[in-house]
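File shown here: input_22.cif, holding mmCIF, C-alpha atoms.
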```cif
data_coords
#
loop_
_atom_site.label_atom_id
_atom_site.label_comp_id
_atom_site.auth_asym_id
_atom_site.auth_seq_id
_atom_site.Cartn_x
_atom_site.Cartn_y
_atom_site.Cartn_z
CA MET F 218 -13.43 -5.28 3.23
CA VAL F 219 -10.94 -3.81 0.75
CA ALA F 220 -11.83 -6.52 -1.76
CA ARG F 221 -15.57 -5.92 -1.39
CA LEU F 222 -15.53 -2.12 -1.36
CA ALA F 223 -12.67 -1.40 -3.74
CA VAL F 224 -11.03 -4.25 -5.65
CA PHE F 225 -14.11 -6.16 -6.85
CA PRO F 226 -15.67 -2.94 -8.23
CA ALA F 227 -12.34 -2.03 -9.82
CA ILE F 228 -12.15 -5.39 -11.60
CA ASP F 229 -15.68 -4.87 -12.88
CA ALA F 230 -14.77 -1.40 -14.15
CA SER F 231 -11.49 -2.39 -15.79
CA PRO F 232 -11.64 -3.31 -19.48
CA GLY F 233 -8.59 -5.54 -19.01
CA ALA F 234 -9.87 -7.76 -16.21
CA ARG F 235 -12.78 -10.07 -15.43
CA LEU F 236 -13.69 -11.80 -12.17
CA VAL F 237 -14.25 -15.51 -12.75
CA ALA F 238 -13.80 -17.09 -9.29
CA ALA F 239 -13.83 -15.89 -5.69
CA ALA F 240 -13.71 -17.47 -2.23
CA ALA F 241 -14.12 -15.92 1.20
CA LEU F 242 -13.65 -18.41 4.02
CA GLY F 243 -14.66 -15.84 6.64
CA GLY F 244 -18.13 -15.49 5.15
CA PRO F 245 -20.02 -15.56 1.86
CA VAL F 246 -18.81 -13.66 -1.18
CA PRO F 247 -21.16 -10.66 -1.34
CA SER F 248 -23.47 -9.81 -4.21
CA PRO F 249 -23.17 -9.09 -7.06
CA TRP F 250 -20.03 -11.27 -7.07
CA ALA F 251 -21.59 -14.23 -5.24
CA ARG F 252 -22.24 -15.99 -8.55
CA HIS F 253 -18.48 -16.45 -8.91
CA THR F 254 -18.14 -18.24 -5.56
CA VAL F 255 -16.09 -21.44 -5.48
CA ALA F 256 -15.43 -23.81 -2.58
CA ASP F 257 -12.13 -22.46 -1.25
CA TYR F 258 -8.88 -20.70 -2.14
CA ASP F 259 -7.46 -23.78 -3.83
CA ALA F 260 -10.52 -23.87 -6.09
CA VAL F 261 -9.82 -20.27 -7.13
CA ILE F 262 -6.25 -21.12 -8.07
CA GLU F 263 -7.25 -24.31 -9.86
CA HIS F 264 -10.05 -22.68 -11.86
CA PRO F 265 -9.17 -23.09 -15.57
CA ASP F 266 -10.16 -19.52 -16.46
CA VAL F 267 -8.09 -17.87 -13.71
CA GLU F 268 -4.91 -16.26 -15.02
CA ALA F 269 -4.10 -14.18 -11.95
CA VAL F 270 -5.14 -14.06 -8.30
CA TYR F 271 -5.62 -11.19 -5.89
CA ILE F 272 -4.60 -12.00 -2.29
CA PRO F 273 -6.23 -9.77 0.38
CA LEU F 274 -5.66 -12.19 3.28
CA PRO F 275 -4.00 -11.48 6.67
CA ASN F 276 -0.33 -10.73 6.22
CA ASP F 277 0.97 -14.08 7.45
CA LEU F 278 -1.00 -15.91 4.74
CA HIS F 279 0.44 -13.97 1.80
CA LEU F 280 3.43 -16.29 1.52
CA THR F 281 1.45 -19.53 1.49
CA TRP F 282 -1.04 -18.48 -1.14
CA ALA F 283 1.43 -16.61 -3.33
CA LEU F 284 3.56 -19.75 -3.52
CA ARG F 285 0.55 -21.92 -4.36
CA ALA F 286 -0.53 -19.49 -7.05
CA ALA F 287 2.97 -19.37 -8.54
CA ASP F 288 3.20 -23.17 -8.58
CA ALA F 289 -0.06 -23.20 -10.54
CA GLY F 290 1.30 -20.66 -13.04
CA LYS F 291 -0.95 -17.82 -11.90
CA HIS F 292 0.15 -14.19 -11.67
CA VAL F 293 -0.15 -12.62 -8.21
CA LEU F 294 -1.47 -9.25 -7.09
CA CYS F 295 -0.92 -9.27 -3.32
CA GLU F 296 -2.36 -6.72 -0.91
CA LYS F 297 0.15 -4.55 0.90
CA PRO F 298 2.34 -5.27 2.77
CA LEU F 299 3.73 -7.79 0.34
CA ALA F 300 4.53 -10.16 3.20
CA ALA F 301 4.85 -10.28 6.97
CA SER F 302 8.65 -10.35 6.73
CA VAL F 303 11.50 -9.66 4.35
CA GLU F 304 12.33 -13.37 4.24
CA ALA F 305 8.78 -14.29 3.21
CA ALA F 306 8.77 -11.65 0.49
CA GLN F 307 12.05 -12.94 -0.87
CA GLN F 308 10.62 -16.47 -1.03
CA MET F 309 7.62 -15.12 -2.92
CA ARG F 310 9.85 -13.31 -5.41
CA THR F 311 12.04 -16.36 -5.98
CA ARG F 312 9.11 -18.72 -6.55
CA CYS F 313 7.26 -16.30 -8.85
CA ASP F 314 10.42 -15.62 -10.85
CA SER F 315 11.02 -19.36 -11.23
CA ALA F 316 7.44 -19.88 -12.38
CA GLY F 317 7.63 -16.97 -14.81
CA VAL F 318 4.67 -15.15 -13.25
CA LEU F 319 4.27 -11.55 -12.18
CA LEU F 320 4.36 -10.70 -8.47
CA ALA F 321 2.96 -7.26 -7.72
CA GLU F 322 2.11 -5.49 -4.47
CA ALA F 323 -1.37 -3.96 -4.36
CA TRP F 324 -0.44 -0.51 -3.04
CA MET F 325 -2.86 1.71 -4.91
CA THR F 326 -1.69 5.15 -3.73
CA PRO F 327 0.73 5.84 -6.63
CA PHE F 328 -2.21 5.30 -9.00
CA ASP F 329 -4.23 8.10 -7.40
CA ARG F 330 -4.35 11.12 -9.69
CA ARG F 331 -3.89 13.69 -6.92
CA TRP F 332 -0.88 11.86 -5.48
CA GLU F 333 0.54 11.47 -8.99
CA ARG F 334 -0.05 15.16 -9.76
CA THR F 335 1.63 16.18 -6.50
CA PHE F 336 4.86 14.42 -7.42
CA ASP F 337 4.69 15.78 -10.95
CA LEU F 338 4.60 19.28 -9.42
CA VAL F 339 7.58 18.41 -7.25
CA ALA F 340 9.50 17.13 -10.28
CA ASP F 341 8.64 20.36 -12.12
CA GLY F 342 10.24 22.37 -9.31
CA LEU F 343 7.10 24.11 -8.05
CA ILE F 344 8.32 24.13 -4.44
CA GLY F 345 12.04 23.97 -5.13
CA THR F 346 14.04 21.15 -3.55
CA VAL F 347 12.04 19.08 -1.07
CA THR F 348 13.75 19.00 2.32
CA GLU F 349 11.06 17.66 4.65
CA VAL F 350 8.14 15.23 4.43
CA THR F 351 5.52 14.83 7.15
CA THR F 352 2.90 12.09 6.90
CA ALA F 353 0.23 10.49 9.04
CA PHE F 354 -2.17 7.59 8.60
CA THR F 355 -4.13 7.03 11.80
CA PHE F 356 -7.45 5.49 12.73
CA SER F 357 -8.90 3.59 15.67
CA ILE F 358 -9.86 -0.06 15.82
CA GLY F 359 -12.61 -0.18 18.43
CA PRO F 360 -13.35 -2.77 21.13
CA ASP F 361 -15.82 -4.47 18.80
CA ALA F 362 -12.86 -5.45 16.61
CA ALA F 363 -10.74 -6.99 19.37
CA HIS F 364 -10.19 -10.11 17.25
CA ASN F 365 -9.05 -8.17 14.18
CA TYR F 366 -5.93 -9.84 12.78
CA ARG F 367 -4.15 -6.46 12.93
CA TRP F 368 -3.80 -6.93 16.71
CA ARG F 369 -2.22 -10.39 16.40
CA PRO F 370 1.56 -10.76 16.11
CA GLU F 371 1.21 -14.26 14.64
CA HIS F 372 -0.77 -12.74 11.74
CA GLY F 373 1.78 -10.03 11.01
CA GLY F 374 -0.22 -7.34 12.79
CA GLY F 375 0.71 -3.87 13.95
CA ALA F 376 0.23 -0.33 12.69
CA LEU F 377 3.61 0.04 11.00
CA LEU F 378 3.23 -3.07 8.86
CA ASP F 379 -0.39 -2.26 8.07
CA VAL F 380 -0.16 1.40 7.02
CA GLY F 381 3.56 2.14 7.09
CA ILE F 382 3.84 1.94 3.31
CA TYR F 383 1.50 4.94 2.99
CA CYS F 384 3.51 7.04 5.41
CA LEU F 385 6.96 6.01 4.22
CA GLY F 386 6.15 5.88 0.50
CA PRO F 387 6.54 9.60 -0.26
CA SER F 388 9.99 10.01 1.31
CA VAL F 389 11.21 6.70 -0.15
CA ARG F 390 10.06 7.85 -3.58
CA LEU F 391 12.05 11.07 -3.18
CA TRP F 392 15.19 9.89 -1.41
CA GLY F 393 15.29 6.09 -1.47
CA ALA F 394 14.66 3.36 1.10
CA GLU F 395 18.00 3.60 2.94
CA PRO F 396 17.94 6.56 5.34
CA THR F 397 21.09 6.93 7.41
CA GLY F 398 19.27 8.00 10.56
CA ILE F 399 16.25 6.37 12.24
CA GLU F 400 14.56 7.36 15.48
CA ALA F 401 11.38 5.48 16.38
CA ARG F 402 8.92 5.40 19.25
CA VAL F 403 6.34 2.65 19.64
CA GLN F 404 3.18 2.31 21.70
CA LEU F 405 2.64 -1.41 22.26
CA ALA F 406 -0.73 -3.11 22.42
CA ALA F 407 -1.42 -5.81 25.00
CA SER F 408 -0.84 -8.44 22.30
CA GLY F 409 2.68 -7.13 21.66
CA VAL F 410 2.15 -5.49 18.26
CA ASP F 411 2.62 -1.76 17.80
CA ALA F 412 -0.64 0.10 18.32
CA ALA F 413 1.18 3.20 17.10
CA THR F 414 4.61 3.94 15.66
CA GLU F 415 6.15 7.37 15.27
CA VAL F 416 9.36 7.68 13.31
CA GLU F 417 11.86 10.29 12.18
CA LEU F 418 14.15 9.45 9.27
CA SER F 419 17.10 11.37 7.88
CA TRP F 420 19.17 11.07 4.70
CA PRO F 421 22.78 12.13 3.96
CA GLY F 422 21.67 15.30 2.17
CA GLY F 423 19.92 16.59 5.29
CA GLN F 424 16.44 15.54 4.17
CA LEU F 425 14.04 14.71 6.99
CA ALA F 426 10.85 12.62 7.13
CA ARG F 427 8.42 12.35 10.04
CA ALA F 428 5.62 9.79 10.07
CA ARG F 429 2.95 8.48 12.43
CA CYS F 430 1.04 5.23 11.94
CA SER F 431 -1.64 4.38 14.47
CA PHE F 432 -4.61 2.16 15.33
CA VAL F 433 -5.47 4.24 18.43
CA ASP F 434 -5.66 7.86 17.21
CA ALA F 435 -8.50 9.73 15.57
CA GLU F 436 -8.76 9.14 11.83
CA GLN F 437 -6.32 11.22 9.83
CA GLN F 438 -4.57 11.02 6.48
CA ARG F 439 -2.06 13.75 5.76
CA LEU F 440 0.92 14.41 3.51
CA GLU F 441 3.02 17.57 3.61
CA LEU F 442 6.02 18.22 1.39
CA VAL F 443 8.21 21.17 2.41
CA GLY F 444 10.52 22.59 -0.22
CA THR F 445 13.00 25.43 -0.42
CA SER F 446 10.40 27.68 -2.08
CA GLY F 447 7.02 26.36 -0.98
CA VAL F 448 4.86 23.67 0.61
CA LEU F 449 2.41 21.16 -0.87
CA THR F 450 -0.21 19.61 1.42
CA LEU F 451 -2.75 16.84 0.94
CA ASP F 452 -5.47 16.51 3.55
CA GLY F 453 -8.42 14.15 3.57
CA ASP F 454 -7.79 10.77 1.92
CA ALA F 455 -4.20 11.83 1.34
CA HIS F 456 -3.09 8.21 0.96
CA THR F 457 -6.21 6.38 -0.19
CA GLY F 458 -7.26 9.00 -2.76
CA GLY F 459 -10.41 8.56 -4.78
CA GLN F 460 -13.41 10.78 -5.46
CA ARG F 461 -12.77 13.21 -2.59
CA ALA F 462 -9.11 13.71 -3.48
CA THR F 463 -9.61 16.82 -5.59
CA THR F 464 -7.40 19.58 -4.14
CA ILE F 465 -3.70 20.16 -3.51
CA ARG F 466 -2.89 23.04 -1.16
CA HIS F 467 0.12 25.07 -2.33
CA LEU F 468 1.77 27.61 -0.05
CA ASP F 469 4.47 30.00 -1.25
CA ASP F 470 5.58 33.58 -0.62
CA ALA F 471 2.53 34.89 -2.48
CA GLY F 472 0.09 33.06 -0.22
CA VAL F 473 -2.11 29.98 -0.36
CA HIS F 474 -3.24 28.49 -3.68
CA HIS F 475 -5.48 25.51 -4.38
CA ILE F 476 -4.69 23.25 -7.31
CA SER F 477 -7.65 21.24 -8.56
CA VAL F 478 -7.32 17.64 -9.71
CA GLU F 479 -9.93 15.58 -11.53
CA PRO F 480 -10.47 12.52 -9.31
CA ASP F 481 -10.41 8.93 -10.43
CA ASP F 482 -10.50 5.48 -8.86
CA PRO F 483 -6.90 4.48 -7.95
CA TYR F 484 -7.94 0.85 -7.53
CA ARG F 485 -9.27 0.67 -11.09
CA ARG F 486 -6.12 2.30 -12.41
CA MET F 487 -4.08 -0.25 -10.44
CA ILE F 488 -6.08 -3.14 -11.92
CA ASP F 489 -5.68 -1.63 -15.40
CA ALA F 490 -1.90 -1.48 -14.90
CA PHE F 491 -1.74 -5.02 -13.53
CA ALA F 492 -3.73 -6.38 -16.48
CA ALA F 493 -1.47 -4.54 -18.90
CA ALA F 494 1.61 -5.98 -17.19
CA VAL F 495 0.21 -9.52 -17.29
CA ARG F 496 -0.47 -9.09 -21.01
CA GLY F 497 3.04 -7.76 -21.60
CA ILE F 498 1.70 -4.42 -22.83
CA GLN F 499 3.73 -2.42 -20.31
CA PRO F 500 5.84 -3.29 -17.25
CA TRP F 501 4.43 -3.13 -13.74
CA PRO F 502 5.56 0.31 -12.53
CA ARG F 503 6.81 -0.73 -9.07
CA PRO F 504 9.11 -3.76 -9.18
CA VAL F 505 9.01 -6.28 -6.36
CA GLU F 506 12.49 -5.16 -5.28
CA SER F 507 10.92 -1.87 -4.18
CA SER F 508 8.37 -3.75 -2.09
CA ILE F 509 11.12 -5.75 -0.40
CA ALA F 510 13.14 -2.58 0.22
CA MET F 511 10.09 -1.09 1.97
CA LEU F 512 9.84 -4.17 4.22
CA GLU F 513 13.55 -3.88 4.99
CA LEU F 514 13.05 -0.25 6.02
CA MET F 515 10.13 -1.16 8.28
CA THR F 516 12.29 -3.85 9.87
CA ARG F 517 14.99 -1.25 10.58
CA ILE F 518 12.37 1.02 12.14
CA ARG F 519 11.12 -1.76 14.42
CA ASP F 520 14.70 -2.56 15.42
CA ALA F 521 15.37 1.12 16.19
CA ALA F 522 12.27 1.28 18.37
CA ARG F 523 13.57 -1.60 20.49
#
```
Please express the file's structure as structure tokens.
Amino acid sequence: MVARLAVFPAIDASPGARLVAAAALGGPVPSPWARHTVADYDAVIEHPDVEAVYIPLPNDLHLTWALRAADAGKHVLCEKPLAASVEAAQQMRTRCDSAGVLLAEAWMTPFDRRWERTFDLVADGLIGTVTEVTTAFTFSIGPDAAHNYRWRPEHGGGALLDVGIYCLGPSVRLWGAEPTGIEARVQLAASGVDAATEVELSWPGGQLARARCSFVDAEQQRLELVGTSGVLTLDGDAHTGGQRATTIRHLDDAGVHHISVEPDDPYRRMIDAFAAAVRGIQPWPRPVESSIAMLELMTRIRDAAR
């Protein structure tokens, strides 16, 4: 779905990228991209005009297809999370490094203009020193989606692995991926994956982050940054951004203010950045080590919940 609704259109819109081959084993490649359909994933990788591949497959398949792409000398843009485990991500990094190809995680949030503007305001000191971060990314997967891979442990399912990067990303950006305190509570699905994870993280300087990831709550995306002299809040598409992400709420002693942001497509900006990195024009802004550090943090959270 992400490929059809977001990434394919972003490739079309990017001046630095062109779709030349696509395969969808779960069903036909939709129009207007159907003309690029090839037989299977191997045919995508082997296509002579393909320089890079985008992998939007279930989490457990990221490793297999990233390694095959690297062996074929193709750059890799892999949907978040980078892999189903730290060990798999490390294998992907090693193989891509050996092949001399770029490995990048397709987490588009940092390319959203409102999210970017929010952290620029923080860096400028608008709300003083940030001491607390509260985030949520929740939605419900209904009974009609009982076979969704997100419910299956063998496919790397679970709410934390699926949307944890959105909820943990802001505090990790501010304070790093190694909090000294972790408290976590998990609601397990019948399959054994986490249907919801709630976590509280703390850092040596007293900073505190609270996050909730869920497949069983009403839909919500929220980010709140509390500083020593104010609060910044993003509601509505706080993590996915896009055309509706136009306002930052700023609270200080003088009252409530609304900061307007011109929206843009974070997926297109991500594709632009990936194309520029492949061409050697500029480095990919989030090195793979950061993606692995995020997986290590999520592993610590799961261990704490046990």
Residue neighbourhood Val495 in chain F, 8 Å, all atoms listed in the file, exclusion window fewer than 4 positions, as a count of residues only: 3
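Each of F:Glu349, F:Asp314, F:Glu436, F:Asp411 was checked against Val448 in chain F using only C-alpha atoms; the smallest atom-to-atom distance is that of F:Glu349.
Residues in contact with Cys295 in chain F at 6 Å, where all atoms listed in the file are counted and same-chain residues fewer than 6 positions away are skipped, are listed as Tyr271, Ile272, Glu322 and Ala323 of chain F.
Restricting the calculation to all atoms listed in the file, the smallest distance between Ile382 in chain F and any of F:Val246, F:Val237, F:Ala412, F:Ala428 is found for F:Ala428.
Picked by the PyMOL selection byres ((chain F and resi 299) around 8) from the coordinates shown: Asn276, His279, Cys295, Glu296, Lys297, Pro298, Ala300, Ala301, Ala306, Glu322, Ala323, Ser508 and Ile509 of chain F.
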Residue nearest Glu268 in chain F among F:Tyr366, F:Glu513, F:Thr254, F:Ala287 (counting only C-alpha atoms): F:Ala287
